[in-house]
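In what follows, a structure is listed as structure tokens, so that the remarks can point back to it.
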Amino acid sequence: MMNFSYALDELIGLLVPKKVIGHTTFPISHIESLAKTKQGGISFLGNPKYKKDVAISQASVILLPLWLDLTPKENQCFLLFDNPSLALGKLCRDIEEKYYHHPDVGTHPKAAVDATVSIGQNVSIGPNVVVEANATISDNVVIMAGCYIGRGVNIGSDSVLHPSVKVMDFCEIGSRVTLFSGTVIGSDGFGYETVDGIHKKVPQIGNVIIGDDVDIGANTTIDRARFNHTKIGKGTKIDNLVQIGHNVIIGNGCLIAAQTGIAGSTTIGNHVVIGGQVGIAGHLNIPDGVMIAGKSSVANYKPKMGKILRGNPTMPIHDANLFYVLRSRIPDLFDRVLKLEESLRKLLPK
Amino acid sequence: MMNFSYALDELIGLLVPKKVIGHTTFPISHIESLAKTKQGGISFLGNPKYKKDVAISQASVILLPLWLDLTPKENQCFLLFDNPSLALGKLCRDIEEKYYHHPDVGTHPKAAVDATVSIGQNVSIGPNVVVEANATISDNVVIMAGCYIGRGVNIGSDSVLHPSVKVMDFCEIGSRVTLFSGTVIGSDGFGYETVDGIHKKVPQIGNVIIGDDVDIGANTTIDRARFNHTKIGKGTKIDNLVQIGHNVIIGNGCLIAAQTGIAGSTTIGNHVVIGGQVGIAGHLNIPDGVMIAGKSSVANYKPKMGKILRGNPTMPIHDANLFYVLRSRIPDLFDRVLKLEESLRKLLPK
Amino acid sequence: MMNFSYALDELIGLLVPKKVIGHTTFPISHIESLAKTKQGGISFLGNPKYKKDVAISQASVILLPLWLDLTPKENQCFLLFDNPSLALGKLCRDIEEKYYHHPDVGTHPKAAVDATVSIGQNVSIGPNVVVEANATISDNVVIMAGCYIGRGVNIGSDSVLHPSVKVMDFCEIGSRVTLFSGTVIGSDGFGYETVDGIHKKVPQIGNVIIGDDVDIGANTTIDRARFNHTKIGKGTKIDNLVQIGHNVIIGNGCLIAAQTGIAGSTTIGNHVVIGGQVGIAGHLNIPDGVMIAGKSSVANYKPKMGKILRGNPTMPIHDANLFYVLRSRIPDLFDRVLKLEESLRKLLPK
């Protein structure tokens, strides 16, 4: 782990608390939950249910809400805020900027960049990166070690590609996009015509277009379109090991958790939230604002299903939850029906 | 996206329509669905249900079936075929050949190829490729940037390895095979003997053998056998993020969709079709021609289950579909049984 | 496949059988199951149910249990042991050591290792490896082609990183750890605060700590913690394409099969066994020794559920198995209830 160190004064200057109670002489060098923090550490009360952990915490600095009326121990300091979580976020962002890797601007001598590539200002291209002909790399882009950028690819400004990202020919990446390690953008769609038992490849000559402010997790795969485009809308965040099929269109501001798969030609609206390991069949239309519980499979979608879905295949969430409760009472139901049959047999004339 | 351009005459020469109606002066530079195509675009009627979109389409050229009796708008041309989809496929293949990347023949100076490697005619080895001792690379093979080819690996003619594919020691790849980016062929099988709570690795000294005409999607993983072979049969097509365990044997002409996993030592017959996110347990035997619906889990297989399976765990498809319909009526069934019990209580002597 | 060859004398010297019956002049050059082995091959009886295959096997050498009283064919030799599987394991380990790749010690000229990196004795760093500032690589570590080792990363002695593994900034890898190809350690956790529909990234400044003797499969992803640590305990073995979310804590000696996903902040005890394609929700606490069947989803855990779980969502294994049996009888249950209603209607006064 990286080593950081903040004196109390520095912290107060950075976070600007509403109120300071107590004092500590320890410089702050780790962040932990209240119960686990040690001397020289900082913690915070993010959720009132952990309130009693404040008294036992050995943290030298604790970020607390203004409403809390507690007294620090010796050599311990409480910093009070409207929202301690936001204050912690500010500290984390400061640590990230100071201590995490800012790759050097310039093209590493071990990179292989075609002479026809257009490179903006302040761009960093790491070792073993390959950039093919006619690609465009905009200002402030960071391309880390071992990435592959295909022919005619366009990467918007301020985007960051972690090590070993592959962006295949003619794909378009927006601005402020982050692609995590091992992600593949623009692999061929899985399309075959079967003639006499032989699967003949349908050419996949479209591309992938990724909007601004999109994040895509590690080892995720997004297939190029058959023709035209597979699209990921502005501000959508996709987790690790997700599969997006060819010609899928995803709207703006969606959240898609790890290991989910979306089959070809499905359209997802704006602000859709999809849990982990969800499967969505092809050629569906999921409207704006739908939420899908983790591990669900969506075989179709009709408006009467409502906006929150769960199950395999999905049901309205209320129906799914009810089914999961009743499921464990089904053996009992079989017994009850058997008893009814026996009772009735006795009542009936022989 | 790549830029292409076809004059009407060129298109007619390439596609050889049965009939030409109308004319357009626009060169053709994009392909889209009927409703979305703009001036200068080409579209096609693949499915009769979109027939009414022909009248509203702004496409400059539309590929139509011979039986359709419609009149083009001004500066619009209809090309008529027995099968417009096949005609579009021909155009896409032409675009792919003309505009997509044909890597240069030869070994890039940034590649590291062992002196003992045998390299055929007309081979392309890209930058940062590593080829270890005693590997054999046959004629017309393309190995793109950053691939790793282990010791003694054999790659058949006309195969294409996209960037960052890893083929580990002693694996064998057939002819006309495509391996998409990030795929790992020949990682160790997941085999341990647990002695006193310690998991001791069982050596995995077999290999993977991939038949001719196989495609394997991005970031898919195929484990080497414990001893002998993990095998993928001729003409089988595997999608992205699939996991194939050690000693799995897959037959010819299968289709396996994304994120499916097949556990160790299972045998899959010929022409088996497996949907996305399916899980198949180890040591099973799935016969020829079986179809498994997406998101299913196969815990065992018996002939009486028939050829089409669905569910978690799988049932014959008819049973699964019936269960999914009845599932939402189970709360009602509980109510009905309760009413029966109440009615019966009234009838019974106290 | 690699070529190996063992004369009978060599085999006897290596495996030290309790008893030798018969003799073969064939050198041994392949291992197969009893039914598939050919002349010049070795096989073994691991499971008594295959006993009758011994008589039909063409293997030149067969490893058998001492209690088996059989006579070899001409030019065939039986080697008898307390445990033939362990004897085979010894042979496989010998083949692995002799014929599989031992990369050369030293740093390949095509690697890019920062001047501040500390490198132990007997370390192998392959071509196109990148090691960033202040990393520590301990004795006997092997880092194969194309790996990326971030700033301040620590890799313990005798660990092996297969091609194209990425270990991001400040992560810590124990001793005798194996990371298979394409694995990503320390990608950012999937954490966002949504304000007015905009998903703002929560900085992920923690790291990943991997204990000694851990194996991690191909293309698996393990996210760094928000702050503090994501942890994998000593001796835990993780398969391919697994996703481990940020701040997950996994105990010692666990087994986690392929394509499983564990969401953020969940704690897994020691010696937990998790099947393939399992999903575990975030913020759960799974105690020591729990076993979870493949394809299950764990939405919560309570002690009364017991130690063996199955289902989606999970139930105690006995309940799950009962439910799966009754599931196919539910259509019949609907019929029985309908009949009861009809019978009762006849009994009731009109």
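FYI, nothing fancy with the structure tokens labels: chains A, B, ... in order, residues from 1 per chain, ligands from 1 as they appear.
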Could you make a table, as a tab-separated table, of the residues of chain A that have an atom within 9 Å of an atom of chain C, each with its nearest atom pair and distance in Å to one decimal, counting only C-alpha atoms, in chain and number order?
```
residue	atom	partner	partner_atom	distance
A:Met1	CA	C:Phe170	CA	4.3
A:Met2	CA	C:Phe170	CA	5.7
A:His30	CA	C:Asn228	CA	7.6
A:Ile31	CA	C:Phe227	CA	6.3
A:Glu32	CA	C:Asn228	CA	6.1
A:Ser33	CA	C:Asn228	CA	8.8
A:Gly89	CA	C:Val202	CA	6.7
A:Lys90	CA	C:Pro203	CA	8.9
A:Cys92	CA	C:Pro203	CA	6.0
A:Arg93	CA	C:Pro203	CA	5.7
A:Ile95	CA	C:Ile205	CA	7.4
A:Glu96	CA	C:Ile205	CA	6.1
A:Tyr100	CA	C:Asp169	CA	7.3
A:His101	CA	C:Arg151	CA	7.2
A:Lys110	CA	C:Ala112	CA	8.3
A:Pro127	CA	C:Val130	CA	7.4
A:Asn128	CA	C:Asn128	CA	6.6
A:Ala145	CA	C:Val130	CA	7.2
A:Gly146	CA	C:Gly146	CA	7.2
A:His162	CA	C:Ser187	CA	8.9
A:Pro163	CA	C:Tyr148	CA	7.1
A:Ser164	CA	C:Ser164	CA	7.8
A:Phe180	CA	C:Ser187	CA	6.7
A:Ser181	CA	C:Val184	CA	6.7
A:Gly182	CA	C:Gly182	CA	7.0
A:Gly217	CA	C:Ser187	CA	7.7
A:Ala218	CA	C:Ser187	CA	6.6
A:Asn219	CA	C:Asn219	CA	6.8
A:Gly235	CA	C:His199	CA	7.0
A:Thr236	CA	C:His199	CA	8.0
A:Lys237	CA	C:His199	CA	7.8
A:Ile238	CA	C:Phe190	CA	8.3
A:Asp239	CA	C:Phe190	CA	6.2
A:Asn240	CA	C:Thr221	CA	7.1
A:Leu241	CA	C:Gln243	CA	7.4
A:Gly253	CA	C:Ile198	CA	6.6
A:Cys254	CA	C:His199	CA	8.8
A:Leu255	CA	C:His199	CA	8.5
A:Ala257	CA	C:Phe190	CA	7.9
A:Ala258	CA	C:Gln243	CA	7.2
A:Gln259	CA	C:Gly261	CA	7.4
A:His271	CA	C:Gly197	CA	7.5
A:Gly276	CA	C:Gly279	CA	7.7
A:Gln277	CA	C:Gly279	CA	7.1
A:Gly294	CA	C:Gly279	CA	8.1
A:Lys295	CA	C:Ser297	CA	6.9
A:Gly311	CA	C:Asn312	CA	8.4
A:Asn312	CA	C:Asn312	CA	8.5
A:Tyr324	CA	C:Pro313	CA	7.7
A:Arg327	CA	C:Phe323	CA	7.4
A:Ser328	CA	C:Asp319	CA	7.1
A:Ile330	CA	C:Phe323	CA	7.4
A:Pro331	CA	C:Phe323	CA	7.3
A:Phe334	CA	C:Leu333	CA	7.3
A:Val337	CA	C:Val337	CA	7.0
A:Leu340	CA	C:Leu340	CA	7.7
A:Glu341	CA	C:Leu340	CA	6.9
A:Leu344	CA	C:Leu344	CA	7.8
A:Leu347	CA	C:Leu347	CA	8.6
A:Leu348	CA	C:Leu347	CA	8.0
```
Spatial neighbours of Ala293 of chain A, 7 Å, only C-alpha atoms, chain gap at least 6 places, as a count of residues only: 4
Which value, in Å to one decimal, gives the distance between atom CA of Leu68 of chain C and atom CA of Thr267 of chain B?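 Distance reported for this atom pair: 29.7 Å.
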Would you work out the distance separating atom CA of Ile42 of chain A from atom CA of Gly22 of chain A, expressed in Å to one decimal?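 Result for atom CA of Ile42 of chain A versus atom CA of Gly22 of chain A: 14.1 Å, one decimal.
For segment 3-13 of chain C, the residues within 6 Å (counting only C-alpha atoms, excluding itself and residues fewer than 6 positions away along the chain) are Pro27, Ile28 and Ser29 of chain C.
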Those in segment 29-269 of chain A with strand (DSSP E) from DSSP, as number ranges by chain: A: 30-31, 41-44, 61-65, 77-81, 106-107, 112-113, 118-119, 124-125, 130-131, 136-137, 142-143, 148-149, 154-155, 160-161, 166-167, 172-173, 178-179, 184-187, 192-195, 198-201, 207-210, 215-216, 221-223, 229-232, 237-238, 243-244, 249-250, 255-256, 261-262, 267-268
Within 6 Å of Pro17 of chain C, counting only C-alpha atoms, which residues show up once you throw out same-chain ones fewer than 5 positions away? Write them as a PyMOL selection string, please. chain C and resi 79-81
With N, CA and C atoms retained, export the selected residues as a PDB file, in the first residue's frame.
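Saved file again01.pdb follows:
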```
ATOM      1  N   LEU C  79       2.535 -52.179 -12.143  1.00  0.00           N
ATOM      2  CA  LEU C  79       3.245 -51.678 -10.955  1.00  0.00           C
ATOM      3  C   LEU C  79       2.198 -51.500  -9.861  1.00  0.00           C
ATOM      4  N   LEU C  80       2.452 -52.097  -8.690  1.00  0.00           N
ATOM      5  CA  LEU C  80       1.433 -52.102  -7.630  1.00  0.00           C
ATOM      6  C   LEU C  80       1.809 -51.161  -6.481  1.00  0.00           C
ATOM      7  N   PHE C  81       0.797 -50.416  -5.985  1.00  0.00           N
ATOM      8  CA  PHE C  81       1.004 -49.383  -4.971  1.00  0.00           C
ATOM      9  C   PHE C  81      -0.130 -49.420  -3.949  1.00  0.00           C
TER      10      PHE C  81
END
```
Gly174 of chain B surroundings by only C-alpha atoms, 12 Å radius, close-in-sequence under 2 positions cut, as a PyMOL selection string: chain B and resi 136-139+141+153-161+171-172+176-179+208-215+231-236
Of the candidates A:Asn285, A:Thr107, A:Ser265, A:Asn252, which one gets nearest to Ala225 of chain A if we count only C-alpha atoms?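 Using only C-alpha atoms, the shortest distance to Ala225 of chain A belongs to A:Ser265.
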DSSP on the backbone, alpha helix (DSSP H) only: what residues of segment 16-88 of chain C does that give? Format it as a list in words. Asp53, Val54, Ala55, Ile56, Pro84, Ser85, Leu86, Ala87 and Leu88 of chain C
Could you please take those selected residues and save N, CA, C and O atoms as an mmCIF file, in the first residue's frame?
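And here is the file that came out, selection.cif:
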```cif
data_model
loop_
_atom_site.group_PDB
_atom_site.id
_atom_site.type_symbol
_atom_site.label_atom_id
_atom_site.label_comp_id
_atom_site.auth_asym_id
_atom_site.auth_seq_id
_atom_site.Cartn_x
_atom_site.Cartn_y
_atom_site.Cartn_z
ATOM 1 N N ASP C 53 -11.752 -52.479 -17.007
ATOM 2 C CA ASP C 53 -10.975 -51.881 -18.104
ATOM 3 C C ASP C 53 -9.516 -52.332 -18.095
ATOM 4 O O ASP C 53 -8.826 -52.209 -19.109
ATOM 5 N N VAL C 54 -9.046 -52.826 -16.942
ATOM 6 C CA VAL C 54 -7.645 -53.250 -16.878
ATOM 7 C C VAL C 54 -7.394 -54.370 -17.897
ATOM 8 O O VAL C 54 -6.392 -54.369 -18.621
ATOM 9 N N ALA C 55 -8.340 -55.300 -17.983
ATOM 10 C CA ALA C 55 -8.155 -56.456 -18.867
ATOM 11 C C ALA C 55 -8.098 -56.057 -20.338
ATOM 12 O O ALA C 55 -7.403 -56.689 -21.145
ATOM 13 N N ILE C 56 -8.818 -54.984 -20.702
ATOM 14 C CA ILE C 56 -8.857 -54.592 -22.121
ATOM 15 C C ILE C 56 -7.821 -53.518 -22.453
ATOM 16 O O ILE C 56 -7.608 -53.186 -23.607
ATOM 17 N N PRO C 84 -2.449 -45.905 -6.299
ATOM 18 C CA PRO C 84 -1.960 -45.668 -7.668
ATOM 19 C C PRO C 84 -2.132 -44.207 -8.126
ATOM 20 O O PRO C 84 -1.346 -43.719 -8.924
ATOM 21 N N SER C 85 -3.161 -43.496 -7.603
ATOM 22 C CA SER C 85 -3.370 -42.088 -7.990
ATOM 23 C C SER C 85 -2.196 -41.230 -7.539
ATOM 24 O O SER C 85 -1.724 -40.357 -8.272
ATOM 25 N N LEU C 86 -1.728 -41.479 -6.312
ATOM 26 C CA LEU C 86 -0.590 -40.712 -5.818
ATOM 27 C C LEU C 86 0.656 -41.014 -6.641
ATOM 28 O O LEU C 86 1.463 -40.123 -6.925
ATOM 29 N N ALA C 87 0.802 -42.273 -7.056
ATOM 30 C CA ALA C 87 1.961 -42.636 -7.889
ATOM 31 C C ALA C 87 1.899 -41.903 -9.224
ATOM 32 O O ALA C 87 2.902 -41.365 -9.696
ATOM 33 N N LEU C 88 0.702 -41.850 -9.818
ATOM 34 C CA LEU C 88 0.559 -41.112 -11.074
ATOM 35 C C LEU C 88 0.900 -39.635 -10.868
ATOM 36 O O LEU C 88 1.544 -39.010 -11.711
#
```
For the atom pair atom CA of Thr25 of chain A and atom CA of Lys38 of chain A, what is the interatomic distance in Å to one decimal place?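 Atom CA of Lys38 of chain A lies at a distance of 14.0 Å from atom CA of Thr25 of chain A.
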For Ala59 of chain C, work out the shell of residues within 8 Å, counting only C-alpha atoms and skipping chain neighbours fewer than 5 positions away, then give it as a PyMOL selection string. chain C and resi 34+37-43+76
